[in-house]
Amino acid sequence: MIASNRPGPRLTRVQLLREIGLSPHWQLRESATAVGAKPVVTARPEVALSHSGGVEEVAPAHTPALADGREEEIAGMGWEQLRESVATCRACALCQGRRQAVLGVGDVTADWLFIGEGPGAEEDARGEPFVGPAGKLLDAMLAAIDLQRGKDVYIANAVKCRPPGNRTPEPTEITSCAPYLKRQIALIQPRLIVLLGRAAAHALLGDVGSLASLRGQSFAYPAPAGSAYGIPVVVTYHPAYLLRTLPDKAKAWEDLCRARTLMRAAKTAAAESASQPATSPT
Ligand code: URA
């Protein structure tokens, strides 16, 4: 059993892997499926690396146009305004059933951004994402790759209000909430984004296929201002799904190892580009 939703540092990796349902011989290692050594360098969000390392076209990162001007307004918000706006948002019907909106939790300068689906009953009551059983598994998954909630990690959801009966959010609800997620990404400027499940994939990538087909592909979220690099995006299974489908935990572990490899590559690339002498204009 996992004693709390924040596994303490005393658990060994083997114990953690046991907690997330993987046998002890699974050890963190470089993923055989990792794409090339560097993240996608492109001004075009719709380009990704294929398994073979070649460049392939994928659906663009999802940026639905909203007619009501909300997107532009939200795009200019700082954290305080964003929190206030999310708390009072009435842009879709999900607001009717919420106790409170759940913006996200963690380090607002984090390298790692994990995005889930939407708050469940416990998250709606406590105002924090992933605090129920799926959250306990997420915390164990984070710990297995030496991460901890709140330390260089930010956790958000595709929608900020609880869908009734914990159903999957509708595409229109994801679209309504997308400007908030976009703004969170712009403010955090993570080095890597992990999408947990299909709703999160839908929010960022659009309706581009089954989760199984998205796993293993590397997508690039548009480069933040001032950066030459798109943000690598890794798609994996949602922890709630993994609680019901134990055999797929091994696949999620592969995805986490791959994410860790991509993070290392992103940090190396950023360090290399920071050490390049500035080129003088010709
Ligand atoms: N599932 C999610 O996707 N998000 C949460 O915050 C909780 C459960």
# chains A, B, ... in the order shown; residues from 1 in each chain; ligands from 1
>>> residues_near_ligand(ligand="ligand 1", cutoff="10 Å", atoms="only C-alpha atoms and all ligand atoms", output="PyMOL selection string")
chain A and resi 102-105+114-124+127-136+138+155-162+166+168-169+195-200+238-241
>>> write_last_selection(atoms="N, CA and C atoms", output="CSV table (one decimal), in the first residue's frame")
chain,number,residue,atom,x,y,z
A,102,VAL,N,-10.4,23.9,-10.2
A,102,VAL,CA,-9.0,23.5,-9.8
A,102,VAL,C,-8.0,23.9,-10.9
A,103,LEU,N,-7.3,24.9,-10.6
A,103,LEU,CA,-6.4,25.5,-11.6
A,103,LEU,C,-5.2,24.5,-11.9
A,104,GLY,N,-4.5,24.1,-10.8
A,104,GLY,CA,-3.3,23.3,-10.9
A,104,GLY,C,-2.5,23.4,-9.7
A,105,VAL,N,-1.4,22.7,-9.6
A,105,VAL,CA,-0.6,22.7,-8.4
A,105,VAL,C,0.9,22.5,-8.8
A,114,PHE,N,2.8,18.0,-16.1
A,114,PHE,CA,2.0,16.9,-16.3
A,114,PHE,C,0.5,17.4,-16.5
A,115,ILE,N,-0.2,16.9,-17.5
A,115,ILE,CA,-1.5,17.4,-17.7
A,115,ILE,C,-2.5,16.2,-17.7
A,116,GLY,N,-3.5,16.2,-16.8
A,116,GLY,CA,-4.5,15.2,-16.7
A,116,GLY,C,-5.8,15.6,-17.4
A,117,GLU,N,-6.8,15.0,-17.0
A,117,GLU,CA,-8.1,15.2,-17.7
A,117,GLU,C,-8.9,16.3,-17.0
A,118,GLY,N,-9.3,16.1,-15.8
A,118,GLY,CA,-10.1,17.1,-15.1
A,118,GLY,C,-10.3,16.6,-13.7
A,119,PRO,N,-10.7,17.5,-12.8
A,119,PRO,CA,-10.9,17.1,-11.4
A,119,PRO,C,-11.9,16.1,-11.2
A,120,GLY,N,-11.7,15.2,-10.2
A,120,GLY,CA,-12.7,14.2,-9.8
A,120,GLY,C,-13.3,14.8,-8.5
A,121,ALA,N,-14.0,13.9,-7.8
A,121,ALA,CA,-14.8,14.3,-6.6
A,121,ALA,C,-13.8,14.9,-5.5
A,122,GLU,N,-12.7,14.2,-5.3
A,122,GLU,CA,-11.8,14.6,-4.2
A,122,GLU,C,-11.1,15.9,-4.6
A,123,GLU,N,-10.7,16.0,-5.9
A,123,GLU,CA,-10.0,17.2,-6.3
A,123,GLU,C,-11.0,18.4,-6.2
A,124,ASP,N,-12.2,18.2,-6.6
A,124,ASP,CA,-13.3,19.2,-6.5
A,124,ASP,C,-13.4,19.7,-5.1
A,127,GLY,N,-9.6,21.2,-4.1
A,127,GLY,CA,-9.1,22.3,-4.9
A,127,GLY,C,-7.7,22.0,-5.4
A,128,GLU,N,-7.3,20.7,-5.4
A,128,GLU,CA,-5.9,20.3,-5.9
A,128,GLU,C,-6.0,19.2,-6.9
A,129,PRO,N,-5.3,19.2,-8.0
A,129,PRO,CA,-5.4,18.1,-8.9
A,129,PRO,C,-4.8,16.8,-8.4
A,130,PHE,N,-5.3,15.7,-8.8
A,130,PHE,CA,-4.7,14.3,-8.5
A,130,PHE,C,-4.5,14.1,-7.0
A,131,VAL,N,-5.5,14.2,-6.2
A,131,VAL,CA,-5.3,13.9,-4.8
A,131,VAL,C,-6.0,12.6,-4.4
A,132,GLY,N,-6.8,12.0,-5.4
A,132,GLY,CA,-7.5,10.7,-5.1
A,132,GLY,C,-6.6,9.5,-5.4
A,133,PRO,N,-7.1,8.4,-5.6
A,133,PRO,CA,-6.3,7.2,-5.9
A,133,PRO,C,-5.4,7.3,-7.1
A,134,ALA,N,-5.9,7.9,-8.2
A,134,ALA,CA,-5.1,8.1,-9.4
A,134,ALA,C,-3.9,9.1,-9.1
A,135,GLY,N,-4.2,10.0,-8.2
A,135,GLY,CA,-3.1,10.9,-7.7
A,135,GLY,C,-2.0,10.2,-7.0
A,136,LYS,N,-2.4,9.2,-6.2
A,136,LYS,CA,-1.4,8.4,-5.4
A,136,LYS,C,-0.5,7.7,-6.4
A,138,LEU,N,0.0,8.6,-9.5
A,138,LEU,CA,0.8,9.6,-10.2
A,138,LEU,C,2.0,10.0,-9.4
A,155,ILE,N,1.4,20.3,-12.0
A,155,ILE,CA,0.3,19.4,-12.5
A,155,ILE,C,-0.9,20.2,-12.8
A,156,ALA,N,-1.4,20.0,-14.0
A,156,ALA,CA,-2.7,20.7,-14.4
A,156,ALA,C,-3.6,19.7,-15.1
A,157,ASN,N,-4.8,20.2,-15.4
A,157,ASN,CA,-5.8,19.4,-16.1
A,157,ASN,C,-6.3,20.1,-17.4
A,158,ALA,N,-6.8,19.2,-18.2
A,158,ALA,CA,-7.4,19.8,-19.5
A,158,ALA,C,-8.6,20.7,-19.2
A,159,VAL,N,-9.4,20.2,-18.2
A,159,VAL,CA,-10.5,21.1,-17.8
A,159,VAL,C,-10.4,21.4,-16.3
A,160,LYS,N,-10.8,22.5,-15.9
A,160,LYS,CA,-10.6,23.0,-14.5
A,160,LYS,C,-11.8,22.7,-13.6
A,161,CYS,N,-12.9,22.3,-14.1
A,161,CYS,CA,-14.1,22.0,-13.3
A,161,CYS,C,-14.5,20.5,-13.5
A,162,ARG,N,-15.0,19.9,-12.4
A,162,ARG,CA,-15.3,18.5,-12.4
A,162,ARG,C,-16.4,18.2,-13.3
A,166,ASN,N,-17.7,12.3,-12.8
A,166,ASN,CA,-16.4,12.0,-13.3
A,166,ASN,C,-16.3,11.5,-14.7
A,168,THR,N,-15.7,11.7,-18.8
A,168,THR,CA,-14.7,12.3,-19.7
A,168,THR,C,-15.2,13.7,-20.1
A,169,PRO,N,-14.4,14.7,-20.1
A,169,PRO,CA,-14.9,16.0,-20.6
A,169,PRO,C,-15.3,16.0,-22.1
A,195,LEU,N,1.4,14.3,-21.3
A,195,LEU,CA,-0.1,14.2,-21.4
A,195,LEU,C,-0.5,12.9,-20.9
A,196,LEU,N,-1.4,13.0,-19.8
A,196,LEU,CA,-1.9,11.8,-19.2
A,196,LEU,C,-3.3,11.5,-19.7
A,197,GLY,N,-3.4,10.6,-20.7
A,197,GLY,CA,-4.7,10.1,-21.2
A,197,GLY,C,-5.2,10.9,-22.3
A,198,ARG,N,-6.3,10.4,-22.8
A,198,ARG,CA,-6.8,10.9,-24.1
A,198,ARG,C,-7.4,12.4,-24.1
A,199,ALA,N,-8.0,12.7,-22.9
A,199,ALA,CA,-8.6,14.1,-22.9
A,199,ALA,C,-7.4,15.1,-22.9
A,200,ALA,N,-6.3,14.8,-22.2
A,200,ALA,CA,-5.2,15.7,-22.2
A,200,ALA,C,-4.6,15.8,-23.6
A,238,HIS,N,-3.4,7.5,-18.7
A,238,HIS,CA,-3.9,8.2,-17.5
A,238,HIS,C,-3.7,7.2,-16.3
A,239,PRO,N,-3.3,7.7,-15.1
A,239,PRO,CA,-3.1,6.8,-14.0
A,239,PRO,C,-4.4,6.1,-13.6
A,240,ALA,N,-5.6,6.7,-13.8
A,240,ALA,CA,-6.8,6.0,-13.4
A,240,ALA,C,-7.0,4.8,-14.3
A,241,TYR,N,-6.7,5.0,-15.6
A,241,TYR,CA,-6.7,3.8,-16.5
A,241,TYR,C,-5.7,2.7,-16.1
>>> residues_around(residues="Tyr180 (chain A)", least_positions_apart="6", cutoff="12 Å", atoms="only C-alpha atoms", output="ChimeraX atom specification")
/A:63,70-79,81-87,89,91,101-104,156-161,173-174,186-187,203-204
>>> closest_residue(among="A:Leu211, A:Leu192, A:Leu113, A:Ala178", to="Arg264 (chain A)", atoms="only C-alpha atoms")
A:Leu192
>>> select_by_dssp(residues="region 159-206 of chain A", states="alpha helix (DSSP H)", output="PyMOL selection string")
chain A and resi 171-188+198-205
>>> write_last_selection(atoms="N, CA, C and O atoms", output="compact mmCIF listing (two decimals), in the first residue's frame")
# COMPACT_ATOMS: atom_id res chain seq x y z
N PRO A 171 -15.57 17.38 -25.92
CA PRO A 171 -14.66 18.23 -26.72
C PRO A 171 -14.97 19.72 -26.58
O PRO A 171 -14.05 20.54 -26.51
N THR A 172 -16.25 20.09 -26.49
CA THR A 172 -16.57 21.53 -26.37
C THR A 172 -16.09 22.08 -25.02
O THR A 172 -15.69 23.25 -24.93
N GLU A 173 -16.13 21.25 -23.99
CA GLU A 173 -15.66 21.69 -22.67
C GLU A 173 -14.13 21.85 -22.68
O GLU A 173 -13.58 22.82 -22.12
N ILE A 174 -13.47 20.92 -23.35
CA ILE A 174 -12.00 21.02 -23.47
C ILE A 174 -11.63 22.29 -24.24
O ILE A 174 -10.72 23.02 -23.88
N THR A 175 -12.40 22.57 -25.30
CA THR A 175 -12.14 23.77 -26.10
C THR A 175 -12.35 25.04 -25.28
O THR A 175 -11.55 25.98 -25.34
N SER A 176 -13.42 25.05 -24.48
CA SER A 176 -13.68 26.25 -23.65
C SER A 176 -12.56 26.51 -22.66
O SER A 176 -12.24 27.65 -22.34
N CYS A 177 -11.98 25.43 -22.14
CA CYS A 177 -10.95 25.56 -21.11
C CYS A 177 -9.55 25.73 -21.70
O CYS A 177 -8.62 26.09 -20.97
N ALA A 178 -9.41 25.48 -22.99
CA ALA A 178 -8.07 25.47 -23.61
C ALA A 178 -7.28 26.77 -23.40
O ALA A 178 -6.06 26.72 -23.18
N PRO A 179 -7.90 27.95 -23.45
CA PRO A 179 -7.10 29.16 -23.25
C PRO A 179 -6.42 29.20 -21.87
O PRO A 179 -5.32 29.74 -21.74
N TYR A 180 -7.07 28.61 -20.86
CA TYR A 180 -6.44 28.57 -19.53
C TYR A 180 -5.20 27.68 -19.55
O TYR A 180 -4.15 28.03 -18.99
N LEU A 181 -5.34 26.52 -20.19
CA LEU A 181 -4.20 25.61 -20.26
C LEU A 181 -3.06 26.23 -21.06
O LEU A 181 -1.89 26.17 -20.66
N LYS A 182 -3.43 26.87 -22.17
CA LYS A 182 -2.41 27.54 -22.99
C LYS A 182 -1.65 28.59 -22.19
O LYS A 182 -0.45 28.72 -22.27
N ARG A 183 -2.42 29.35 -21.41
CA ARG A 183 -1.77 30.40 -20.61
C ARG A 183 -0.87 29.80 -19.54
O ARG A 183 0.21 30.32 -19.26
N GLN A 184 -1.33 28.70 -18.93
CA GLN A 184 -0.47 28.06 -17.93
C GLN A 184 0.86 27.63 -18.56
O GLN A 184 1.92 27.82 -17.98
N ILE A 185 0.77 27.05 -19.76
CA ILE A 185 2.00 26.60 -20.42
C ILE A 185 2.90 27.79 -20.72
O ILE A 185 4.11 27.75 -20.51
N ALA A 186 2.28 28.88 -21.18
CA ALA A 186 3.08 30.07 -21.53
C ALA A 186 3.76 30.66 -20.29
O ALA A 186 4.89 31.14 -20.35
N LEU A 187 3.06 30.61 -19.14
CA LEU A 187 3.64 31.18 -17.92
C LEU A 187 4.72 30.27 -17.35
O LEU A 187 5.76 30.74 -16.88
N ILE A 188 4.48 28.98 -17.38
CA ILE A 188 5.44 28.03 -16.79
C ILE A 188 6.67 27.86 -17.69
O ILE A 188 7.79 27.76 -17.22
N ARG A 198 -6.32 10.44 -22.84
CA ARG A 198 -6.84 10.94 -24.11
C ARG A 198 -7.37 12.37 -24.05
O ARG A 198 -7.20 13.14 -25.00
N ALA A 199 -8.01 12.73 -22.94
CA ALA A 199 -8.55 14.10 -22.86
C ALA A 199 -7.42 15.12 -22.90
O ALA A 199 -7.52 16.15 -23.57
N ALA A 200 -6.33 14.81 -22.20
CA ALA A 200 -5.18 15.73 -22.21
C ALA A 200 -4.58 15.78 -23.61
O ALA A 200 -4.21 16.86 -24.10
N ALA A 201 -4.49 14.61 -24.26
CA ALA A 201 -3.95 14.58 -25.62
C ALA A 201 -4.84 15.39 -26.55
O ALA A 201 -4.37 16.16 -27.39
N HIS A 202 -6.15 15.24 -26.36
CA HIS A 202 -7.10 15.99 -27.19
C HIS A 202 -6.91 17.50 -26.96
O HIS A 202 -6.92 18.29 -27.91
N ALA A 203 -6.70 17.89 -25.70
CA ALA A 203 -6.57 19.32 -25.40
C ALA A 203 -5.38 19.94 -26.11
O ALA A 203 -5.45 21.07 -26.58
N LEU A 204 -4.28 19.21 -26.19
CA LEU A 204 -3.07 19.82 -26.75
C LEU A 204 -2.84 19.49 -28.21
O LEU A 204 -2.28 20.28 -28.96
N LEU A 205 -3.25 18.29 -28.61
CA LEU A 205 -2.91 17.85 -29.97
C LEU A 205 -4.10 17.84 -30.90
O LEU A 205 -3.95 17.64 -32.11
>>> closest_residue(among="A:Ala225, A:Ala271, A:Ile145, A:Ala212", to="Leu256 (chain A)", atoms="only C-alpha atoms")
A:Ile145
>>> atom_distance(atom1="CA of Tyr237 (chain A)", atom2="CA of Glu254 (chain A)")
10.9 Å
>>> residues_around(residues="Gln96 (chain A)", least_positions_apart="3", cutoff="10 Å", atoms="only C-alpha atoms", output="number ranges by chain")
A: 90, 92-93, 99, 161-164
>>> write_last_selection(atoms="C-alpha atoms", output="PDB file, in the first residue's frame")
ATOM      1  CA  ARG A  90     -18.835  30.335 -16.452  1.00  0.00           C
ATOM      2  CA  CYS A  92     -19.209  26.092 -20.122  1.00  0.00           C
ATOM      3  CA  ALA A  93     -21.796  24.044 -18.263  1.00  0.00           C
ATOM      4  CA  ARG A  99     -17.629  23.060  -5.717  1.00  0.00           C
ATOM      5  CA  CYS A 161     -14.073  21.974 -13.312  1.00  0.00           C
ATOM      6  CA  ARG A 162     -15.284  18.507 -12.374  1.00  0.00           C
ATOM      7  CA  PRO A 163     -17.331  16.788 -15.072  1.00  0.00           C
ATOM      8  CA  PRO A 164     -20.501  15.323 -13.519  1.00  0.00           C
TER       9      PRO A 164
END
>>> atom_distance(atom1="CA of Asp111 (chain A)", atom2="CA of Gly209 (chain A)")
27.0 Å
>>> closest_residue(among="A:Thr236, A:Gln100, A:Thr245, A:Ser227", to="Ala269 (chain A)", atoms="only C-alpha atoms")
A:Ser227
>>> select_by_dssp(residues="region 50-260 of chain A", states="strand (DSSP E)", output="JSON, numbers by chain")
{"A": [55, 56, 57, 104, 105, 106, 112, 113, 114, 115, 116, 153, 154, 155, 156, 157, 192, 193, 194, 195, 196, 219, 220, 221, 231, 232, 233, 234, 235, 236]}
>>> write_last_selection(atoms="N, CA and C atoms", output="PDB file, in the first residue's frame")
ATOM      1  N   VAL A  55      11.420  13.331 -39.748  1.00  0.00           N
ATOM      2  CA  VAL A  55      10.395  14.322 -39.432  1.00  0.00           C
ATOM      3  C   VAL A  55       9.087  13.946 -40.120  1.00  0.00           C
ATOM      4  N   GLU A  56       8.008  14.013 -39.388  1.00  0.00           N
ATOM      5  CA  GLU A  56       6.717  13.697 -39.993  1.00  0.00           C
ATOM      6  C   GLU A  56       5.689  14.747 -39.594  1.00  0.00           C
ATOM      7  N   GLU A  57       4.661  14.842 -40.399  1.00  0.00           N
ATOM      8  CA  GLU A  57       3.593  15.803 -40.110  1.00  0.00           C
ATOM      9  C   GLU A  57       2.611  15.188 -39.122  1.00  0.00           C
ATOM     10  N   GLY A 104      -4.495  24.128 -10.805  1.00  0.00           N
ATOM     11  CA  GLY A 104      -3.300  23.294 -10.944  1.00  0.00           C
ATOM     12  C   GLY A 104      -2.499  23.400  -9.668  1.00  0.00           C
ATOM     13  N   VAL A 105      -1.398  22.666  -9.608  1.00  0.00           N
ATOM     14  CA  VAL A 105      -0.584  22.710  -8.402  1.00  0.00           C
ATOM     15  C   VAL A 105       0.880  22.516  -8.770  1.00  0.00           C
ATOM     16  N   GLY A 106       1.751  23.185  -8.037  1.00  0.00           N
ATOM     17  CA  GLY A 106       3.171  22.900  -8.203  1.00  0.00           C
ATOM     18  C   GLY A 106       4.017  24.128  -8.418  1.00  0.00           C
ATOM     19  N   TRP A 112       9.030  20.244 -15.656  1.00  0.00           N
ATOM     20  CA  TRP A 112       8.080  19.184 -16.014  1.00  0.00           C
ATOM     21  C   TRP A 112       6.648  19.665 -15.835  1.00  0.00           C
ATOM     22  N   LEU A 113       5.844  19.499 -16.885  1.00  0.00           N
ATOM     23  CA  LEU A 113       4.409  19.782 -16.761  1.00  0.00           C
ATOM     24  C   LEU A 113       3.633  18.504 -17.082  1.00  0.00           C
ATOM     25  N   PHE A 114       2.846  18.042 -16.123  1.00  0.00           N
ATOM     26  CA  PHE A 114       1.972  16.881 -16.336  1.00  0.00           C
ATOM     27  C   PHE A 114       0.545  17.392 -16.471  1.00  0.00           C
ATOM     28  N   ILE A 115      -0.157  16.915 -17.488  1.00  0.00           N
ATOM     29  CA  ILE A 115      -1.536  17.375 -17.718  1.00  0.00           C
ATOM     30  C   ILE A 115      -2.475  16.178 -17.708  1.00  0.00           C
ATOM     31  N   GLY A 116      -3.471  16.243 -16.818  1.00  0.00           N
ATOM     32  CA  GLY A 116      -4.477  15.187 -16.737  1.00  0.00           C
ATOM     33  C   GLY A 116      -5.768  15.617 -17.413  1.00  0.00           C
ATOM     34  N   VAL A 153       7.977  20.295 -10.737  1.00  0.00           N
ATOM     35  CA  VAL A 153       6.846  19.633 -11.398  1.00  0.00           C
ATOM     36  C   VAL A 153       5.608  20.499 -11.203  1.00  0.00           C
ATOM     37  N   TYR A 154       4.867  20.715 -12.273  1.00  0.00           N
ATOM     38  CA  TYR A 154       3.559  21.352 -12.162  1.00  0.00           C
ATOM     39  C   TYR A 154       2.532  20.366 -12.713  1.00  0.00           C
ATOM     40  N   ILE A 155       1.382  20.291 -12.049  1.00  0.00           N
ATOM     41  CA  ILE A 155       0.322  19.366 -12.488  1.00  0.00           C
ATOM     42  C   ILE A 155      -0.927  20.186 -12.793  1.00  0.00           C
ATOM     43  N   ALA A 156      -1.440  20.008 -14.005  1.00  0.00           N
ATOM     44  CA  ALA A 156      -2.656  20.726 -14.422  1.00  0.00           C
ATOM     45  C   ALA A 156      -3.619  19.729 -15.052  1.00  0.00           C
ATOM     46  N   ASN A 157      -4.768  20.214 -15.415  1.00  0.00           N
ATOM     47  CA  ASN A 157      -5.768  19.380 -16.079  1.00  0.00           C
ATOM     48  C   ASN A 157      -6.257  20.053 -17.353  1.00  0.00           C
ATOM     49  N   LEU A 192       9.345  20.151 -20.794  1.00  0.00           N
ATOM     50  CA  LEU A 192       8.715  18.941 -21.337  1.00  0.00           C
ATOM     51  C   LEU A 192       7.295  18.829 -20.789  1.00  0.00           C
ATOM     52  N   ILE A 193       6.393  18.349 -21.636  1.00  0.00           N
ATOM     53  CA  ILE A 193       4.996  18.187 -21.223  1.00  0.00           C
ATOM     54  C   ILE A 193       4.633  16.715 -21.344  1.00  0.00           C
ATOM     55  N   VAL A 194       4.043  16.159 -20.277  1.00  0.00           N
ATOM     56  CA  VAL A 194       3.548  14.783 -20.320  1.00  0.00           C
ATOM     57  C   VAL A 194       2.024  14.832 -20.290  1.00  0.00           C
ATOM     58  N   LEU A 195       1.404  14.262 -21.309  1.00  0.00           N
ATOM     59  CA  LEU A 195      -0.060  14.237 -21.385  1.00  0.00           C
ATOM     60  C   LEU A 195      -0.549  12.898 -20.853  1.00  0.00           C
ATOM     61  N   LEU A 196      -1.399  12.973 -19.829  1.00  0.00           N
ATOM     62  CA  LEU A 196      -1.893  11.764 -19.172  1.00  0.00           C
ATOM     63  C   LEU A 196      -3.289  11.452 -19.704  1.00  0.00           C
ATOM     64  N   PHE A 219       5.751  14.867 -30.065  1.00  0.00           N
ATOM     65  CA  PHE A 219       5.135  16.076 -30.597  1.00  0.00           C
ATOM     66  C   PHE A 219       5.864  17.291 -30.031  1.00  0.00           C
ATOM     67  N   ALA A 220       5.737  18.393 -30.727  1.00  0.00           N
ATOM     68  CA  ALA A 220       6.368  19.614 -30.226  1.00  0.00           C
ATOM     69  C   ALA A 220       5.310  20.678 -30.016  1.00  0.00           C
ATOM     70  N   TYR A 221       5.223  21.163 -28.812  1.00  0.00           N
ATOM     71  CA  TYR A 221       4.359  22.318 -28.540  1.00  0.00           C
ATOM     72  C   TYR A 221       5.125  23.561 -28.993  1.00  0.00           C
ATOM     73  N   ILE A 231       8.490  22.691 -27.339  1.00  0.00           N
ATOM     74  CA  ILE A 231       8.510  21.906 -26.094  1.00  0.00           C
ATOM     75  C   ILE A 231       8.113  20.472 -26.430  1.00  0.00           C
ATOM     76  N   PRO A 232       8.988  19.488 -26.150  1.00  0.00           N
ATOM     77  CA  PRO A 232       8.628  18.102 -26.453  1.00  0.00           C
ATOM     78  C   PRO A 232       7.406  17.670 -25.635  1.00  0.00           C
ATOM     79  N   VAL A 233       6.542  16.914 -26.275  1.00  0.00           N
ATOM     80  CA  VAL A 233       5.313  16.445 -25.626  1.00  0.00           C
ATOM     81  C   VAL A 233       5.285  14.914 -25.691  1.00  0.00           C
ATOM     82  N   VAL A 234       5.108  14.282 -24.545  1.00  0.00           N
ATOM     83  CA  VAL A 234       5.033  12.820 -24.465  1.00  0.00           C
ATOM     84  C   VAL A 234       3.617  12.443 -24.037  1.00  0.00           C
ATOM     85  N   VAL A 235       3.039  11.479 -24.722  1.00  0.00           N
ATOM     86  CA  VAL A 235       1.681  11.027 -24.389  1.00  0.00           C
ATOM     87  C   VAL A 235       1.769   9.667 -23.693  1.00  0.00           C
ATOM     88  N   THR A 236       1.085   9.536 -22.571  1.00  0.00           N
ATOM     89  CA  THR A 236       1.040   8.236 -21.905  1.00  0.00           C
ATOM     90  C   THR A 236      -0.345   7.988 -21.313  1.00  0.00           C
TER      91      THR A 236
END
>>> closest_residue(among="A:Glu80, A:Arg191, A:Pro247, A:Ala144", to="Ala223 (chain A)", atoms="only C-alpha atoms")
A:Arg191
>>> residues_around(residues="Gln148 (chain A)", least_positions_apart="4", cutoff="8 Å", atoms="only C-alpha atoms", output="PyMOL selection string")
chain A and resi 6+139+142-143+152-153
